[in-house]
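What follows is the content of work-v3.txt (compact mmCIF, C-alpha atoms).
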# COMPACT_ATOMS: atom_id res chain seq x y z
CA MET U 1 0.00 0.00 0.00
CA LYS U 2 2.81 2.38 0.96
CA ASN U 3 4.65 1.58 -2.27
CA SER U 4 1.52 2.30 -4.26
CA ILE U 5 1.07 5.66 -2.53
CA MET U 6 4.73 6.53 -3.09
CA ARG U 7 4.45 5.69 -6.78
CA SER U 8 1.37 7.88 -7.06
CA VAL U 9 3.09 10.78 -5.32
CA LEU U 10 6.19 10.45 -7.50
CA GLY U 11 4.04 10.24 -10.61
CA LEU U 12 2.12 13.35 -9.62
CA ALA U 13 5.36 15.21 -8.86
CA LEU U 14 6.81 14.24 -12.24
CA LEU U 15 3.62 15.33 -14.01
CA LEU U 16 3.69 18.68 -12.21
CA ALA U 17 7.36 19.19 -13.07
CA VAL U 18 6.75 18.49 -16.75
CA SER U 19 3.69 20.74 -16.79
CA LEU U 20 5.62 23.55 -15.10
CA ALA U 21 8.47 23.23 -17.61
CA CYS U 22 6.02 23.38 -20.50
CA PHE U 23 4.28 26.37 -18.94
CA VAL U 24 7.57 28.27 -18.53
CA ARG U 25 8.65 27.38 -22.07
CA ASP U 26 5.31 28.36 -23.58
CA ALA U 27 5.13 31.57 -21.57
CA HIS U 28 8.62 32.53 -22.71
CA SER U 29 7.86 31.71 -26.34
CA SER U 30 4.52 33.50 -26.30
CA GLY U 31 6.22 36.52 -24.76
CA LEU U 32 8.74 36.56 -27.58
CA ALA U 33 5.98 36.07 -30.10
CA ARG U 34 4.04 39.02 -28.71
CA ALA U 35 7.15 41.18 -28.87
CA ILE U 36 7.74 40.17 -32.48
CA ASN U 37 4.27 39.81 -33.93
CA GLY U 38 2.69 42.54 -31.84
CA THR U 39 3.73 46.14 -31.45
CA GLY U 40 7.40 45.20 -31.08
CA MET U 41 7.74 43.93 -34.66
CA ASP U 42 7.13 47.18 -36.49
CA TYR U 43 8.86 46.19 -39.73
CA VAL U 44 9.46 42.99 -41.69
CA ALA U 45 12.12 44.10 -44.20
CA VAL U 46 14.71 46.86 -44.53
CA ALA U 47 15.94 48.25 -47.86
CA TYR U 48 19.31 50.03 -47.91
CA THR U 49 20.98 52.32 -50.45
CA GLN U 50 24.50 50.97 -49.85
CA PRO U 51 26.06 47.51 -49.73
CA ASN U 52 26.33 45.68 -46.41
CA PHE U 53 23.18 47.27 -44.96
CA GLN U 54 24.53 50.82 -45.02
CA GLY U 55 23.24 54.15 -46.31
CA LEU U 56 19.63 55.27 -46.12
CA ALA U 57 17.42 52.62 -44.52
CA TRP U 58 13.73 52.12 -45.29
CA LYS U 59 12.04 49.91 -42.70
CA ILE U 60 9.12 48.30 -44.50
CA PRO U 61 6.30 47.90 -41.97
CA ARG U 62 4.32 44.92 -43.25
CA ALA U 63 3.57 42.59 -46.13
CA GLY U 64 2.14 44.47 -49.09
CA ASN U 65 2.81 46.19 -52.41
CA TYR U 66 5.07 49.24 -52.53
CA ASP U 67 5.17 51.24 -55.74
CA LEU U 68 7.18 54.24 -56.89
CA GLY U 69 5.25 57.47 -56.45
CA GLY U 70 3.23 55.97 -53.61
CA SER U 71 4.41 53.95 -50.65
CA PHE U 72 7.92 53.37 -52.05
CA GLU U 73 9.96 55.46 -49.60
CA LEU U 74 13.40 55.56 -51.25
CA PRO U 75 14.65 57.24 -54.42
CA ASN U 76 14.01 55.32 -57.61
CA ASP U 77 16.65 52.68 -58.47
CA SER U 78 18.49 53.19 -55.17
CA ILE U 79 18.23 49.83 -53.36
CA VAL U 80 21.58 48.02 -53.07
CA SER U 81 21.14 45.66 -50.10
CA ILE U 82 18.12 44.35 -48.24
CA GLY U 83 17.23 42.62 -45.00
CA VAL U 84 14.24 40.27 -45.00
CA ALA U 85 12.75 38.89 -41.79
CA PRO U 86 12.45 35.11 -41.32
CA GLY U 87 9.22 33.87 -42.85
CA TYR U 88 9.02 36.68 -45.42
CA SER U 89 10.15 37.26 -49.00
CA VAL U 90 10.65 40.44 -51.02
CA THR U 91 10.20 40.57 -54.79
CA LEU U 92 11.95 43.50 -56.46
CA TYR U 93 10.64 44.76 -59.81
CA GLN U 94 12.71 46.67 -62.33
CA ASN U 95 9.88 49.02 -63.27
CA GLU U 96 7.19 50.85 -61.38
CA GLY U 97 3.77 49.23 -61.30
CA PHE U 98 5.37 45.83 -60.53
CA ALA U 99 6.41 45.41 -64.15
CA GLY U 100 9.54 44.27 -65.93
CA ARG U 101 12.11 41.81 -64.68
CA ARG U 102 11.90 40.65 -61.09
CA MET U 103 14.10 39.23 -58.37
CA THR U 104 12.87 37.48 -55.22
CA VAL U 105 14.93 37.68 -52.03
CA GLN U 106 14.52 35.55 -48.92
CA GLY U 107 16.80 36.45 -46.04
CA ASP U 108 19.38 39.19 -45.63
CA THR U 109 21.28 40.04 -48.82
CA PRO U 110 24.26 42.40 -48.33
CA ASP U 111 24.69 43.15 -52.04
CA LEU U 112 22.11 42.72 -54.79
CA GLY U 113 24.84 42.54 -57.43
CA LYS U 114 23.55 43.23 -60.92
CA GLN U 115 20.16 44.13 -59.45
CA SER U 116 21.66 46.97 -57.40
CA TYR U 117 20.37 50.44 -58.36
CA TRP U 118 17.58 48.66 -60.22
CA ALA U 119 14.26 48.37 -58.35
CA SER U 120 11.33 50.75 -58.85
CA SER U 121 8.69 48.76 -56.96
CA LEU U 122 8.52 45.76 -54.66
CA LYS U 123 6.18 43.31 -53.00
CA VAL U 124 6.60 41.84 -49.52
CA GLN U 125 4.94 38.49 -48.84
CA LYS U 126 4.55 36.46 -45.69
CA LYS U 127 5.55 32.88 -46.48
CA SER U 128 5.44 31.16 -43.09
CA MET U 129 5.25 31.79 -39.37
CA MET U 130 8.32 33.45 -37.92
CA GLY U 131 10.36 31.49 -35.41
CA PRO U 132 10.37 33.86 -32.44
CA ARG U 133 14.04 33.52 -31.60
CA ALA U 134 15.27 33.91 -35.18
CA ALA U 135 12.96 36.87 -35.73
CA ALA U 136 14.14 38.52 -32.51
CA GLU U 137 17.77 38.11 -33.56
CA TRP U 138 17.02 39.50 -37.03
CA ARG U 139 15.23 42.52 -35.62
CA ARG U 140 17.98 43.14 -33.06
CA PHE U 141 20.61 43.19 -35.81
CA HIS U 142 18.75 45.74 -37.92
CA ASN U 143 17.81 47.84 -34.90
CA GLU U 144 21.41 48.04 -33.76
CA ASN U 145 22.87 48.40 -37.25
CA LYS U 146 24.27 51.92 -37.67
CA ASN U 147 25.21 53.66 -40.87
CA GLU U 148 28.91 54.51 -41.05
CA PRO U 149 29.48 57.08 -43.80
CA PHE U 150 32.93 57.46 -45.30
CA PHE U 151 34.94 60.11 -43.47
CA ALA U 152 37.48 61.95 -45.61
CA ASP U 153 39.99 62.80 -42.90
CA PRO U 154 41.51 66.26 -43.52
CA GLY U 155 44.45 65.13 -41.42
CA VAL U 156 45.47 62.82 -44.26
CA ALA U 157 47.76 64.65 -46.67
CA ARG U 158 45.99 63.37 -49.79
CA VAL U 159 42.59 64.52 -48.54
CA ALA U 160 43.85 67.90 -47.36
CA LYS U 161 45.53 68.51 -50.72
CA SER U 162 42.42 67.49 -52.66
CA ILE U 163 40.17 69.76 -50.60
CA GLU U 164 42.62 72.61 -51.19
CA VAL U 165 42.80 71.97 -54.94
CA HIS U 166 39.04 71.54 -55.38
CA GLY U 167 37.97 74.09 -52.76
CA LYS U 168 36.31 76.52 -55.17
CA GLU U 169 34.43 73.76 -56.98
CA ILE U 170 33.24 72.28 -53.68
CA ALA U 171 32.00 75.69 -52.53
CA LEU U 172 30.07 76.15 -55.77
CA PHE U 173 28.44 72.73 -55.44
CA GLN U 174 27.58 73.47 -51.81
CA ARG U 175 25.73 76.62 -52.84
CA ALA U 176 23.99 74.99 -55.81
CA GLU U 177 20.49 73.72 -55.06
CA VAL U 178 17.87 71.77 -56.97
CA ASP U 179 17.06 74.74 -59.22
CA THR U 180 20.70 74.87 -60.29
CA TRP U 181 20.72 71.15 -61.00
CA TYR U 182 17.46 71.06 -62.94
CA GLY U 183 16.50 74.61 -63.78
CA VAL U 184 19.37 75.94 -65.88
CA THR U 185 21.21 72.84 -67.09
CA SER U 186 20.85 70.33 -69.88
CA ASP U 187 21.28 66.57 -69.56
CA ARG U 188 24.77 66.92 -70.98
CA GLN U 189 25.70 69.62 -68.49
CA ARG U 190 24.49 67.46 -65.60
CA VAL U 191 26.74 64.66 -66.82
CA VAL U 192 29.67 67.10 -66.89
CA MET U 193 28.88 68.20 -63.33
CA SER U 194 28.68 64.57 -62.25
CA ASP U 195 32.08 63.90 -63.79
CA ALA U 196 33.51 66.80 -61.75
CA LEU U 197 31.85 65.54 -58.56
CA LEU U 198 33.18 62.01 -59.01
CA LYS U 199 36.67 63.37 -59.68
CA ILE U 200 36.65 65.35 -56.43
CA PHE U 201 35.41 62.42 -54.36
CA SER U 202 37.85 60.02 -55.99
CA ASP U 203 40.77 62.36 -55.27
CA CYS U 204 39.66 62.39 -51.62
CA GLY U 205 39.78 58.60 -51.41
CA VAL U 206 36.07 57.86 -51.83
CA ASP U 207 35.33 54.60 -53.66
CA VAL U 208 33.38 55.57 -56.78
CA TYR U 209 34.05 52.45 -58.85
CA ARG U 210 30.34 51.70 -59.29
CA TRP U 211 29.70 54.99 -61.04
CA GLU U 212 30.10 56.59 -64.44
CA PRO U 213 29.22 60.27 -64.97
CA ASP U 214 26.00 59.45 -66.82
CA THR U 215 24.73 56.93 -64.27
CA PHE U 216 25.63 59.25 -61.41
CA ALA U 217 23.77 62.12 -63.10
CA GLN U 218 20.69 59.90 -63.39
CA MET U 219 20.92 58.96 -59.72
CA MET U 220 21.22 62.64 -58.79
CA ASN U 221 18.00 63.18 -60.76
CA ASN U 222 16.33 60.34 -58.87
CA TYR U 223 17.37 61.70 -55.49
CA PHE U 224 16.25 65.24 -56.33
CA ASP U 225 12.91 63.83 -57.51
CA TRP U 226 12.65 62.21 -54.08
CA SER U 227 13.78 65.25 -52.05
CA SER U 228 14.87 68.78 -52.90
CA GLU U 229 16.12 69.79 -49.46
CA LEU U 230 19.86 69.30 -49.99
CA SER U 231 22.43 71.13 -52.07
CA VAL U 232 24.05 69.46 -55.07
CA TRP U 233 27.06 68.67 -52.89
CA GLY U 234 24.92 67.36 -50.05
CA MET U 235 22.97 65.11 -52.40
CA ALA U 236 26.16 63.71 -53.90
CA CYS U 237 27.43 62.96 -50.39
CA LEU U 238 24.15 61.21 -49.60
CA ILE U 239 24.34 59.01 -52.71
CA LEU U 240 27.95 58.03 -52.01
CA ASN U 241 27.40 57.76 -48.23
CA VAL U 242 30.09 60.32 -47.46
CA ASP U 243 30.21 62.49 -44.34
CA PRO U 244 29.93 66.09 -45.64
CA GLU U 245 31.49 67.69 -42.54
CA PRO U 246 35.18 67.67 -43.64
CA PHE U 247 34.25 69.51 -46.84
CA ASN U 248 32.85 72.63 -45.19
CA VAL U 249 35.16 75.01 -47.01
CA GLU U 250 35.07 78.72 -47.72
CA GLU U 251 35.59 80.01 -51.20
Serialized structure, C-alpha cells:
Amino acid sequence: MKNSIMRSVLGLALLLAVSLACFVRDAHSSGLARAINGTGMDYVAVAYTQPNFQGLAWKIPRAGNYDLGGSFELPNDSIVSIGVAPGYSVTLYQNEGFAGRRMTVQGDTPDLGKQSYWASSLKVQKKSMMGPRAAAEWRRFHNENKNEPFFADPGVARVAKSIEVHGKEIALFQRAEVDTWYGVTSDRQRVVMSDALLKIFSDCGVDVYRWEPDTFAQMMNNYFDWSSELSVWGMACLILNVDPEPFNVEE
C-alpha cells in the first residue's frame, strides 16, 4: 500500500514538473511572439541604399505592395542591399507598377549585385510563421545596425591637398540647389557636373568604382525627384554615403 502511494506521489510530482516546464517554455515563447508579432515587430524588411546594410534605410512595416510614387519610400533605383525577416520574402521589380524583370529575395542580402540600383517597386509576402528567436535576432541586428558614412579625414595629406585643390568647386556645389541642378542645365551639363563631382570624391579617397558620370547624373535626378532639401554637394554625399562635414570650405 505504501509503495503504491509513493508511486502515485512520485508520478504526480513528475507530471507537475513536466507541466511547469512546459508552462515556462510556452510563456517565454509566447512573450517573444508578442514582442515580435505585436507592437514590437514594427517592420518585416529593410531596404538600404548601400552595400552591407549601409546608407539610407527604409524599414518596411508589413507585407504588401510598394510602388514608386506611392508607398515606395526611397529614391528610384536606389536599393543596393536588403534585409528580410524570417518567414518573409521580397520581390523587387525593375519598373514601377510591378512590371519588368523581377528578383525574389529571402533572407538578408548584403549586395544585390547586378540588381543593385535597379528596383522601382517591390512586394513583400509572408511565407510562413516566424520562429520567435530567429525573428528577434534579425530585428535586433537591424535595430542596432548603424550607418557609417565614409569620413574623408583632412588630417590625411591626400585629402587635405584634394580639398585645397578643389575648394572653389566644392564651394560652388555646396551653394547649388535643386534649381541649379534642374532649372538651368541640360542633360549633358548634368553629366559634366557629375564627372567633376566624381573626380573630387575620388581624389579624396572615396570609392566611386560603381559609377560613371551618366549613371551618377541619373541617380542625382532620382534623389532630387525624391527630395529637394539638400544642395548638389549634399545630395552627392548622400548618394555616395560620405560624411559632408570635412568639406565645409570657404571660397
Mind dumping a table of every stretch 110-202 of chain U residue within 8 Å of stretch 79-82 of chain U, with the nearest atom pair and its distance in Å to one decimal, using only C-alpha atoms, sorted by chain and rising number, as JSON lines?
{"residue": "U:Pro110", "atom": "CA", "partner": "U:Ser81", "partner_atom": "CA", "distance": 4.8}
{"residue": "U:Asp111", "atom": "CA", "partner": "U:Ser81", "partner_atom": "CA", "distance": 4.8}
{"residue": "U:Leu112", "atom": "CA", "partner": "U:Val80", "partner_atom": "CA", "distance": 5.6}
{"residue": "U:Gly113", "atom": "CA", "partner": "U:Val80", "partner_atom": "CA", "distance": 7.7}
{"residue": "U:Gln115", "atom": "CA", "partner": "U:Val80", "partner_atom": "CA", "distance": 7.6}
{"residue": "U:Ser116", "atom": "CA", "partner": "U:Val80", "partner_atom": "CA", "distance": 4.5}
{"residue": "U:Tyr117", "atom": "CA", "partner": "U:Ile79", "partner_atom": "CA", "distance": 5.5}
{"residue": "U:Trp118", "atom": "CA", "partner": "U:Ile79", "partner_atom": "CA", "distance": 7.0}
{"residue": "U:Ala119", "atom": "CA", "partner": "U:Ile79", "partner_atom": "CA", "distance": 6.5}
| Selection near U:Ala85, 7 Å with all atoms listed in the file, sequence-local residues under 6 positions removed, as an MDAnalysis selection string | chainID U and resid 44:45 107 135 138
Go ahead and save the picked residues with C-alpha atoms, as an mmCIF file, in the coordinates of the input.
data_model
loop_
_atom_site.group_PDB
_atom_site.id
_atom_site.type_symbol
_atom_site.label_atom_id
_atom_site.label_comp_id
_atom_site.auth_asym_id
_atom_site.auth_seq_id
_atom_site.Cartn_x
_atom_site.Cartn_y
_atom_site.Cartn_z
ATOM 1 C CA VAL U 44 9.460 42.990 -41.690
ATOM 2 C CA ALA U 45 12.120 44.100 -44.200
ATOM 3 C CA GLY U 107 16.800 36.450 -46.040
ATOM 4 C CA ALA U 135 12.960 36.870 -35.730
ATOM 5 C CA TRP U 138 17.020 39.500 -37.030
#
| query | Contacts of U:Val178 at 7 Å or less, counting only C-alpha atoms, minus same-chain residues fewer than 6 places along, as a ChimeraX atom specification? | reply | /U:224,228,231-232
| request: Could you check how far atom CA of U:Val191 sits from atom CA of U:Asp214, in Å to one decimal? | output: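 Atom-to-atom, atom CA of U:Val191 and atom CA of U:Asp214 are spaced 5.3 Å apart.
Going from atom CA of U:Gln94 to atom CA of U:Asn76 covers 9.9 Å.
Closest approach to U:Glu169 among U:Leu198, U:Leu238, U:Val124, U:Leu230: U:Leu198, based on all atoms listed in the file.
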| message | I'd like the interatomic distance between atom CA of U:Thr215 and atom CA of U:Lys199, to a tenth of an Å. | response |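 Going from atom CA of U:Thr215 over to atom CA of U:Lys199 covers 14.3 Å.
Of the residues listed (U:Thr109, U:Ser78, U:Asn147, U:Thr180), U:Ser78 shows the shortest atom-to-atom separation from U:Ser121; distances use all atoms listed in the file.
Nearest residue to U:Ser194 among U:Pro213, U:Pro154, U:Gly167, U:Gly87 is U:Pro213, counting only C-alpha atoms.
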Taking a cut-off of 8 Å and counting all atoms listed in the file, can you build a table that, for each residue of stretch 100-191 of chain U near stretch 58-72 of chain U, reports the nearest atom pair and how far apart they are in Å (one decimal), sorted by chain then residue number, as a Markdown table?
| residue | atom | partner | partner_atom | distance |
| --- | --- | --- | --- | --- |
| U:Ser120 | CA | U:Leu68 | CA | 5.8 |
| U:Ser121 | CA | U:Asp67 | CA | 4.5 |
| U:Leu122 | CA | U:Tyr66 | CA | 5.3 |
| U:Lys123 | CA | U:Asn65 | CA | 4.5 |
| U:Val124 | CA | U:Ala63 | CA | 4.6 |
| U:Gln125 | CA | U:Ala63 | CA | 5.1 |
| U:Lys126 | CA | U:Ala63 | CA | 6.2 |
| message | Excluding U:Glu148 and its own-chain neighbours fewer than 5 positions away, which residues fall within 9 Å of it when counting only C-alpha atoms? Please give them as a list in words. | response |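 After dropping sequence-adjacent residues, the list is Gln54, Gly55, Asn241, Val242 and Asp243 of chain U.
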